[in-house]
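To start, the structure under review is shown below, and the notes come after it.
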Amino acid sequence: MTTTTTVPTPEPANAPATTGSSPVFSVHNLWKVFGPKAERIPGDPELAALTPAELRARTGCTAAVRDVSFDVRKGEVFVVMGLSGSGKSTLVRCLTRLIEPTSGSLAIDDEDVLAMDTARLRELRRHRAAMVFQHFGLLPHRSVLDNVAYGLEIQGVSKAERRRRAQDVVAKVGLEGMEQRRPGQLSGGQQQRVGLARALAVDPEVLLFDEPFSALDPLIRRDMQEEVIRLHREEGRTMVFITHDLNEALRLGDRIALMRDGSIVQLGTPEEIVGSPADDYVRDFVQNVPREQVMTVRTAMRAGDCGGSEHPGRLAPDTVVIDAIRTVAHSGRAACVVEDGRCLGVVDHERLLDVVAGAGPSKEAV
């Protein structure tokens with residue numbers, strides 16, 4: 001019998017409060033160290049404090065993931081972003097123990113992943129957390145439909161049932177009419193859709209994406225990003241998305257964990273990261289981001305009410321600044337930021353331009 005162990009649920013100080021339900025993934029003080037006697041590094045404050053170069057020189061070890069803590073909430077797109085070598089791909093592989101963590105705690109739905117035996121781990125990977133990789137790994141001799149159904153076949157699902165479910169998912173990702181083609185007859189974007197459909201077919205609780213679109217042409221990559229956004233909007237499925245592309249992270253993520261040298265240097269919403277960088281590294285990272293496409297009117301609004309029940313302009317709180325500028329310019333007057341019929345505040349042309357210029361959050365914002 002498999003023993004289920006409950007582990008503590010961390011909530012990083014720079015992350016918003018959890019929203020009631022337990023997180024899907026809960027990661028606390030996670031380390032992955034490669035090298036001789038790796039297990040000594042996390043427990044030794046002196047070694048743990050060394051820079052990557054100092055640690056390699058002194059111990060021959062590399063800390064790919066350093067003391068990382070975060071929660072992934074049900075239904076969110078959680079993006080882990082960083083440059084090559086930052087530790088992001090190692091981190092996502094630790095979530096299902098494709099790579100064994102060196103120390104720390106890791107849970108899915110409050111169940112201790114590090115305590116899982118082989119059978120329980122197999123169930124986790126086959127049913128609960130499906131991976132979508134950059135390299136599609138499609139079976140070249142099988143049709144699109146049979147590639148999509150492969151995970152169900154491994155699970156022992158009957159042929160008729162798995163083909164029915166695979167057909168449903170093929171239609172969902174826009175491959176209808178291509179069911180009998182072989183992977184070699186598909187474009188790169190179509191092959192990635194097959195990989196996505198194969199992961200969806202097993203109906204996982206969470207989808208784990210490891211830089212799935214980085215090898216695709218820019219236009220195809222954007223199409224696949226739109227596909228992820230559409231699927232998330234329609235299904236609300238929890239997703240963990242790994243990328244080195246800041247624009248992709250900002251476009252897809254509800255929250256973003258920005259990594260450097262194995263550590264998370266900032267965790268927050270796209271607006272928090274662009275609007276309030278945690279340090280110079282993050283500030284340099286986001287300096288060329290068009291702020292008007294990321295910042296929302298929550299940042300720009302001031303306390304007040306336009307008066308009456310009509311609420312001129314009627315902007316939702318998550319309206320991005322570029323759209324608010326168009327609204328205010330068209331009307332020639334300030335606009336109300338309205339939620340549930342209540343005016344939260346007012347935005348005008350001057351305050352919107354202040355946000356674009358990087359003046360920072362309004363002290364009067366409510």
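Ligands are numbered from 1 in the order shown, chains are lettered A, B, ... in the order of the structure tokens, and residues start at 1 in each chain.
Omitting range 190-198 of chain A and its sequence neighbours fewer than 3 positions away, and counting only C-alpha atoms, the residues within 6 Å are Phe136, Val148, Val169, Leu186, Ser187 and Ala201 of chain A.
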Contact residues around Glu176 in chain A with only C-alpha atoms at 10 Å, ignoring same-chain residues under 6 positions, as a compact mmCIF listing (two decimals) with C-alpha atoms, in the first residue's frame:
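Written file, around.txt:
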```
# COMPACT_ATOMS: atom_id res chain seq x y z
CA LEU A 145 -4.49 9.58 -34.24
CA GLN A 167 -10.38 11.95 -31.98
CA ASP A 168 -11.97 14.45 -29.60
CA VAL A 169 -8.59 15.94 -28.69
CA VAL A 170 -7.39 16.02 -32.31
```
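When only C-alpha atoms are used to measure the gap to Val286 in chain A, the shortest distance among A:Ile273, A:Ile242, A:Val338, A:Met131 belongs to A:Ile273.
Between Gly236 in chain A and the candidates A:Met301, A:Val206, A:Val328, A:Leu95, the tightest atom-to-atom separation, counting only C-alpha atoms, involves A:Val206.
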**OP:** Can you pull out every residue within 6 Å of Ala64 in chain A, counting only C-alpha atoms, but drop anything in the same chain fewer than 4 positions away, and send it as a PyMOL selection string?
**Re:** chain A and resi 32-33+87+262
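Nearest to Met178 in chain A of all the residues A:Val346, A:Val144, A:Ala160, A:Leu252 is A:Val144, based on only C-alpha atoms.
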Picked from range 105-338 of chain A by DSSP as helix (DSSP H, G or I), as a PDB file with C-alpha atoms, in the first residue's frame:
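Output below, filename selection.pdb:
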```pdb
ATOM      1  CA  VAL A 113       6.134  13.442  -4.343  1.00  0.00           C
ATOM      2  CA  LEU A 114       9.536  12.607  -2.838  1.00  0.00           C
ATOM      3  CA  ALA A 115       7.962   9.750  -0.844  1.00  0.00           C
ATOM      4  CA  THR A 118       7.824   3.540  -8.414  1.00  0.00           C
ATOM      5  CA  ALA A 119       4.178   2.640  -9.009  1.00  0.00           C
ATOM      6  CA  ARG A 120       2.904   5.912  -7.583  1.00  0.00           C
ATOM      7  CA  LEU A 121       5.404   7.906  -9.635  1.00  0.00           C
ATOM      8  CA  ARG A 122       4.294   6.077 -12.765  1.00  0.00           C
ATOM      9  CA  GLU A 123       0.695   7.019 -11.986  1.00  0.00           C
ATOM     10  CA  LEU A 124       1.734  10.652 -11.437  1.00  0.00           C
ATOM     11  CA  ARG A 125       3.453  10.855 -14.821  1.00  0.00           C
ATOM     12  CA  ARG A 126       0.785   8.969 -16.758  1.00  0.00           C
ATOM     13  CA  HIS A 127      -2.360  10.460 -15.273  1.00  0.00           C
ATOM     14  CA  ARG A 128      -1.775  13.599 -13.232  1.00  0.00           C
ATOM     15  CA  VAL A 144      -1.543  11.302 -35.919  1.00  0.00           C
ATOM     16  CA  LEU A 145      -4.491   9.575 -34.242  1.00  0.00           C
ATOM     17  CA  ASP A 146      -2.386   6.694 -32.948  1.00  0.00           C
ATOM     18  CA  ASN A 147       0.306   9.079 -31.683  1.00  0.00           C
ATOM     19  CA  VAL A 148      -2.320  11.035 -29.766  1.00  0.00           C
ATOM     20  CA  TYR A 150      -0.373   6.434 -27.302  1.00  0.00           C
ATOM     21  CA  GLY A 151      -0.572   7.569 -23.682  1.00  0.00           C
ATOM     22  CA  LEU A 152      -4.007   5.999 -23.349  1.00  0.00           C
ATOM     23  CA  GLU A 153      -2.658   2.778 -24.818  1.00  0.00           C
ATOM     24  CA  ILE A 154       0.064   2.736 -22.154  1.00  0.00           C
ATOM     25  CA  GLN A 155      -2.672   3.206 -19.544  1.00  0.00           C
ATOM     26  CA  LYS A 159      -8.763   0.532 -28.469  1.00  0.00           C
ATOM     27  CA  ALA A 160     -12.244   1.852 -29.228  1.00  0.00           C
ATOM     28  CA  GLU A 161     -12.241   4.190 -26.209  1.00  0.00           C
ATOM     29  CA  ARG A 162      -8.757   5.541 -26.764  1.00  0.00           C
ATOM     30  CA  ARG A 163      -9.459   6.244 -30.443  1.00  0.00           C
ATOM     31  CA  ARG A 164     -12.668   8.047 -29.487  1.00  0.00           C
ATOM     32  CA  ARG A 165     -10.892  10.185 -26.917  1.00  0.00           C
ATOM     33  CA  ALA A 166      -7.967  10.824 -29.261  1.00  0.00           C
ATOM     34  CA  GLN A 167     -10.376  11.949 -31.984  1.00  0.00           C
ATOM     35  CA  ASP A 168     -11.970  14.450 -29.605  1.00  0.00           C
ATOM     36  CA  VAL A 169      -8.592  15.942 -28.690  1.00  0.00           C
ATOM     37  CA  VAL A 170      -7.393  16.022 -32.315  1.00  0.00           C
ATOM     38  CA  ALA A 171     -10.388  18.201 -33.130  1.00  0.00           C
ATOM     39  CA  LYS A 172      -9.722  20.366 -30.064  1.00  0.00           C
ATOM     40  CA  PRO A 183       4.438  12.894 -38.465  1.00  0.00           C
ATOM     41  CA  GLY A 184       6.780  13.282 -41.439  1.00  0.00           C
ATOM     42  CA  GLN A 185       3.890  14.697 -43.451  1.00  0.00           C
ATOM     43  CA  GLY A 188       6.655  21.752 -37.215  1.00  0.00           C
ATOM     44  CA  GLY A 189       3.626  23.541 -35.793  1.00  0.00           C
ATOM     45  CA  GLN A 190       1.336  20.633 -36.665  1.00  0.00           C
ATOM     46  CA  GLN A 191       3.748  18.194 -35.024  1.00  0.00           C
ATOM     47  CA  GLN A 192       3.731  20.284 -31.868  1.00  0.00           C
ATOM     48  CA  ARG A 193      -0.072  20.225 -31.923  1.00  0.00           C
ATOM     49  CA  VAL A 194       0.122  16.428 -31.992  1.00  0.00           C
ATOM     50  CA  GLY A 195       2.434  16.541 -28.969  1.00  0.00           C
ATOM     51  CA  LEU A 196       0.011  18.843 -27.171  1.00  0.00           C
ATOM     52  CA  ALA A 197      -2.952  16.617 -28.096  1.00  0.00           C
ATOM     53  CA  ARG A 198      -1.126  13.528 -26.816  1.00  0.00           C
ATOM     54  CA  ALA A 199      -0.631  15.223 -23.443  1.00  0.00           C
ATOM     55  CA  LEU A 200      -4.266  16.398 -23.314  1.00  0.00           C
ATOM     56  CA  ALA A 201      -5.638  12.966 -24.224  1.00  0.00           C
ATOM     57  CA  PRO A 218       8.002  33.057 -35.048  1.00  0.00           C
ATOM     58  CA  LEU A 219       4.585  33.004 -36.741  1.00  0.00           C
ATOM     59  CA  ILE A 220       3.978  29.339 -35.905  1.00  0.00           C
ATOM     60  CA  ARG A 221       5.189  29.996 -32.367  1.00  0.00           C
ATOM     61  CA  ARG A 222       2.637  32.767 -31.963  1.00  0.00           C
ATOM     62  CA  ASP A 223      -0.092  30.467 -33.289  1.00  0.00           C
ATOM     63  CA  MET A 224       0.838  27.847 -30.692  1.00  0.00           C
ATOM     64  CA  GLN A 225       0.816  30.473 -27.936  1.00  0.00           C
ATOM     65  CA  GLU A 226      -2.684  31.417 -29.037  1.00  0.00           C
ATOM     66  CA  GLU A 227      -3.605  27.726 -28.869  1.00  0.00           C
ATOM     67  CA  VAL A 228      -2.402  27.483 -25.272  1.00  0.00           C
ATOM     68  CA  ILE A 229      -4.306  30.659 -24.348  1.00  0.00           C
ATOM     69  CA  ARG A 230      -7.462  29.329 -26.012  1.00  0.00           C
ATOM     70  CA  LEU A 231      -7.238  25.917 -24.336  1.00  0.00           C
ATOM     71  CA  HIS A 232      -6.637  27.503 -20.952  1.00  0.00           C
ATOM     72  CA  ARG A 233      -9.576  29.868 -21.415  1.00  0.00           C
ATOM     73  CA  GLU A 234     -11.876  26.991 -22.429  1.00  0.00           C
ATOM     74  CA  GLU A 235     -10.709  24.366 -19.914  1.00  0.00           C
ATOM     75  CA  LEU A 246      10.231  37.199 -21.898  1.00  0.00           C
ATOM     76  CA  ASN A 247       7.496  38.157 -24.357  1.00  0.00           C
ATOM     77  CA  GLU A 248       6.158  34.611 -24.272  1.00  0.00           C
ATOM     78  CA  ALA A 249       6.224  34.619 -20.474  1.00  0.00           C
ATOM     79  CA  LEU A 250       4.384  37.935 -20.264  1.00  0.00           C
ATOM     80  CA  ARG A 251       1.814  36.810 -22.818  1.00  0.00           C
ATOM     81  CA  LEU A 252       0.989  33.459 -21.237  1.00  0.00           C
ATOM     82  CA  PRO A 270       3.535  40.166 -15.363  1.00  0.00           C
ATOM     83  CA  GLU A 271       2.443  43.615 -14.196  1.00  0.00           C
ATOM     84  CA  GLU A 272       4.365  43.304 -10.916  1.00  0.00           C
ATOM     85  CA  ILE A 273       7.540  42.188 -12.656  1.00  0.00           C
ATOM     86  CA  VAL A 274       7.425  44.904 -15.315  1.00  0.00           C
ATOM     87  CA  GLY A 275       6.148  47.626 -12.984  1.00  0.00           C
ATOM     88  CA  ASP A 280      18.799  45.520 -11.313  1.00  0.00           C
ATOM     89  CA  TYR A 281      18.882  42.120 -13.031  1.00  0.00           C
ATOM     90  CA  VAL A 282      15.104  42.071 -13.427  1.00  0.00           C
ATOM     91  CA  ARG A 283      15.076  45.767 -14.314  1.00  0.00           C
ATOM     92  CA  ASP A 284      17.537  45.142 -17.158  1.00  0.00           C
ATOM     93  CA  PHE A 285      15.480  42.153 -18.263  1.00  0.00           C
ATOM     94  CA  VAL A 286      12.262  44.138 -18.647  1.00  0.00           C
ATOM     95  CA  ARG A 291       4.798  48.877 -20.589  1.00  0.00           C
ATOM     96  CA  GLU A 292       1.501  49.983 -22.110  1.00  0.00           C
ATOM     97  CA  GLN A 293       0.883  46.407 -23.272  1.00  0.00           C
ATOM     98  CA  VAL A 297      -5.429  50.565 -15.282  1.00  0.00           C
ATOM     99  CA  ARG A 298      -5.187  49.341 -11.684  1.00  0.00           C
ATOM    100  CA  THR A 299      -1.729  50.912 -11.689  1.00  0.00           C
ATOM    101  CA  ALA A 300      -2.804  54.151 -13.319  1.00  0.00           C
ATOM    102  CA  VAL A 321      -2.972  50.836 -20.585  1.00  0.00           C
ATOM    103  CA  ILE A 322      -2.781  50.942 -24.393  1.00  0.00           C
ATOM    104  CA  ASP A 323      -6.494  50.138 -24.654  1.00  0.00           C
ATOM    105  CA  ALA A 324      -7.335  52.642 -21.911  1.00  0.00           C
ATOM    106  CA  ILE A 325      -5.417  55.367 -23.769  1.00  0.00           C
ATOM    107  CA  ARG A 326      -7.553  54.718 -26.856  1.00  0.00           C
ATOM    108  CA  THR A 327     -10.739  54.934 -24.791  1.00  0.00           C
ATOM    109  CA  VAL A 328      -9.745  58.164 -23.055  1.00  0.00           C
ATOM    110  CA  ALA A 329      -8.467  59.736 -26.293  1.00  0.00           C
ATOM    111  CA  HIS A 330     -11.701  58.867 -28.081  1.00  0.00           C
ATOM    112  CA  SER A 331     -13.956  60.323 -25.378  1.00  0.00           C
TER     113      SER A 331
END
```
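The closest residue to Leu98 in chain A, picked from A:Asp354, A:Ala129, A:Val347, A:Ile41 and counting only C-alpha atoms, is A:Ala129.
Across A:Leu91, A:Leu55, A:Val24, A:Ala303, the tightest approach to Met259 in chain A is made by A:Leu91 when counting only C-alpha atoms.
The smallest atom-to-atom distance between Gly304 in chain A and any of A:Gly345, A:Pro290, A:Gly60, A:Gly174, using only C-alpha atoms, is found for A:Gly345.
Our summary of the geometry notes that CA of Val240 in chain A is positioned 16.7 Å from CA of Val202 in chain A.
Our summary of the geometry notes that CA of Thr238 in chain A is positioned 23.9 Å from CA of Val157 in chain A.
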Original post:
Among range 314-348 of chain A, which residues carry a DSSP assignment of strand (DSSP E), reported as a ChimeraX atom specification?
Top reply: /A:335-339,342-347
Save the residues we just selected, all heavy atoms, as a PDB file, in the first residue's frame?
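Resulting contents of result-v8.pdb:
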```
ATOM      1  N   ALA A 335     -11.901  58.199 -17.585  1.00  0.00           N
ATOM      2  CA  ALA A 335     -12.758  57.015 -17.628  1.00  0.00           C
ATOM      3  C   ALA A 335     -12.809  56.363 -16.256  1.00  0.00           C
ATOM      4  O   ALA A 335     -11.849  56.403 -15.480  1.00  0.00           O
ATOM      5  CB  ALA A 335     -12.240  56.022 -18.660  1.00  0.00           C
ATOM      6  N   CYS A 336     -13.946  55.747 -15.952  1.00  0.00           N
ATOM      7  CA  CYS A 336     -14.115  55.006 -14.701  1.00  0.00           C
ATOM      8  C   CYS A 336     -13.570  53.587 -14.851  1.00  0.00           C
ATOM      9  O   CYS A 336     -13.771  52.931 -15.878  1.00  0.00           O
ATOM     10  CB  CYS A 336     -15.595  54.919 -14.330  1.00  0.00           C
ATOM     11  SG  CYS A 336     -16.199  56.335 -13.410  1.00  0.00           S
ATOM     12  N   VAL A 337     -12.906  53.107 -13.815  1.00  0.00           N
ATOM     13  CA  VAL A 337     -12.506  51.699 -13.723  1.00  0.00           C
ATOM     14  C   VAL A 337     -13.575  50.994 -12.901  1.00  0.00           C
ATOM     15  O   VAL A 337     -13.754  51.278 -11.711  1.00  0.00           O
ATOM     16  CB  VAL A 337     -11.122  51.557 -13.061  1.00  0.00           C
ATOM     17  CG1 VAL A 337     -10.724  50.094 -12.997  1.00  0.00           C
ATOM     18  CG2 VAL A 337     -10.091  52.380 -13.825  1.00  0.00           C
ATOM     19  N   VAL A 338     -14.317  50.093 -13.555  1.00  0.00           N
ATOM     20  CA  VAL A 338     -15.538  49.542 -12.970  1.00  0.00           C
ATOM     21  C   VAL A 338     -15.413  48.041 -12.779  1.00  0.00           C
ATOM     22  O   VAL A 338     -14.973  47.320 -13.679  1.00  0.00           O
ATOM     23  CB  VAL A 338     -16.757  49.853 -13.871  1.00  0.00           C
ATOM     24  CG1 VAL A 338     -18.032  49.279 -13.263  1.00  0.00           C
ATOM     25  CG2 VAL A 338     -16.889  51.359 -14.066  1.00  0.00           C
ATOM     26  N   GLU A 339     -15.819  47.576 -11.601  1.00  0.00           N
ATOM     27  CA  GLU A 339     -15.871  46.147 -11.309  1.00  0.00           C
ATOM     28  C   GLU A 339     -17.151  45.856 -10.537  1.00  0.00           C
ATOM     29  O   GLU A 339     -17.441  46.515  -9.540  1.00  0.00           O
ATOM     30  CB  GLU A 339     -14.650  45.727 -10.487  1.00  0.00           C
ATOM     31  CG  GLU A 339     -14.543  44.227 -10.268  1.00  0.00           C
ATOM     32  CD  GLU A 339     -13.237  43.853  -9.585  1.00  0.00           C
ATOM     33  OE1 GLU A 339     -12.899  44.513  -8.570  1.00  0.00           O
ATOM     34  OE2 GLU A 339     -12.564  42.932 -10.056  1.00  0.00           O
ATOM     35  N   ARG A 342     -19.334  48.762  -9.672  1.00  0.00           N
ATOM     36  CA  ARG A 342     -18.834  49.780  -8.732  1.00  0.00           C
ATOM     37  C   ARG A 342     -17.597  50.445  -9.318  1.00  0.00           C
ATOM     38  O   ARG A 342     -16.704  49.768  -9.849  1.00  0.00           O
ATOM     39  CB  ARG A 342     -18.483  49.122  -7.402  1.00  0.00           C
ATOM     40  CG  ARG A 342     -17.982  50.076  -6.324  1.00  0.00           C
ATOM     41  CD  ARG A 342     -17.831  49.340  -5.004  1.00  0.00           C
ATOM     42  NE  ARG A 342     -16.816  48.316  -5.071  1.00  0.00           N
ATOM     43  CZ  ARG A 342     -15.525  48.506  -4.744  1.00  0.00           C
ATOM     44  NH1 ARG A 342     -15.130  49.711  -4.345  1.00  0.00           N
ATOM     45  NH2 ARG A 342     -14.661  47.525  -4.797  1.00  0.00           N
ATOM     46  N   CYS A 343     -17.524  51.747  -9.232  1.00  0.00           N
ATOM     47  CA  CYS A 343     -16.363  52.487  -9.729  1.00  0.00           C
ATOM     48  C   CYS A 343     -15.226  52.381  -8.712  1.00  0.00           C
ATOM     49  O   CYS A 343     -15.337  52.850  -7.581  1.00  0.00           O
ATOM     50  CB  CYS A 343     -16.721  53.950  -9.966  1.00  0.00           C
ATOM     51  SG  CYS A 343     -15.358  54.907 -10.695  1.00  0.00           S
ATOM     52  N   LEU A 344     -14.107  51.750  -9.131  1.00  0.00           N
ATOM     53  CA  LEU A 344     -12.954  51.599  -8.245  1.00  0.00           C
ATOM     54  C   LEU A 344     -12.067  52.835  -8.246  1.00  0.00           C
ATOM     55  O   LEU A 344     -11.336  53.094  -7.288  1.00  0.00           O
ATOM     56  CB  LEU A 344     -12.122  50.386  -8.666  1.00  0.00           C
ATOM     57  CG  LEU A 344     -12.818  49.034  -8.716  1.00  0.00           C
ATOM     58  CD1 LEU A 344     -11.825  47.954  -9.151  1.00  0.00           C
ATOM     59  CD2 LEU A 344     -13.417  48.678  -7.360  1.00  0.00           C
ATOM     60  N   GLY A 345     -12.084  53.558  -9.350  1.00  0.00           N
ATOM     61  CA  GLY A 345     -11.227  54.725  -9.478  1.00  0.00           C
ATOM     62  C   GLY A 345     -11.362  55.321 -10.861  1.00  0.00           C
ATOM     63  O   GLY A 345     -12.205  54.913 -11.658  1.00  0.00           O
ATOM     64  N   VAL A 346     -10.502  56.298 -11.141  1.00  0.00           N
ATOM     65  CA  VAL A 346     -10.593  57.052 -12.387  1.00  0.00           C
ATOM     66  C   VAL A 346      -9.215  57.117 -13.038  1.00  0.00           C
ATOM     67  O   VAL A 346      -8.201  57.254 -12.341  1.00  0.00           O
ATOM     68  CB  VAL A 346     -11.102  58.489 -12.103  1.00  0.00           C
ATOM     69  CG1 VAL A 346     -11.157  59.314 -13.385  1.00  0.00           C
ATOM     70  CG2 VAL A 346     -12.468  58.440 -11.429  1.00  0.00           C
ATOM     71  N   VAL A 347      -9.180  56.999 -14.364  1.00  0.00           N
ATOM     72  CA  VAL A 347      -7.930  57.179 -15.096  1.00  0.00           C
ATOM     73  C   VAL A 347      -8.108  58.300 -16.121  1.00  0.00           C
ATOM     74  O   VAL A 347      -9.158  58.428 -16.739  1.00  0.00           O
ATOM     75  CB  VAL A 347      -7.471  55.895 -15.808  1.00  0.00           C
ATOM     76  CG1 VAL A 347      -6.998  54.863 -14.822  1.00  0.00           C
ATOM     77  CG2 VAL A 347      -8.557  55.318 -16.696  1.00  0.00           C
TER      78      VAL A 347
END
```
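Coordinates place CA of Gln134 in chain A at a distance of 5.4 Å from CA of Glu211 in chain A.
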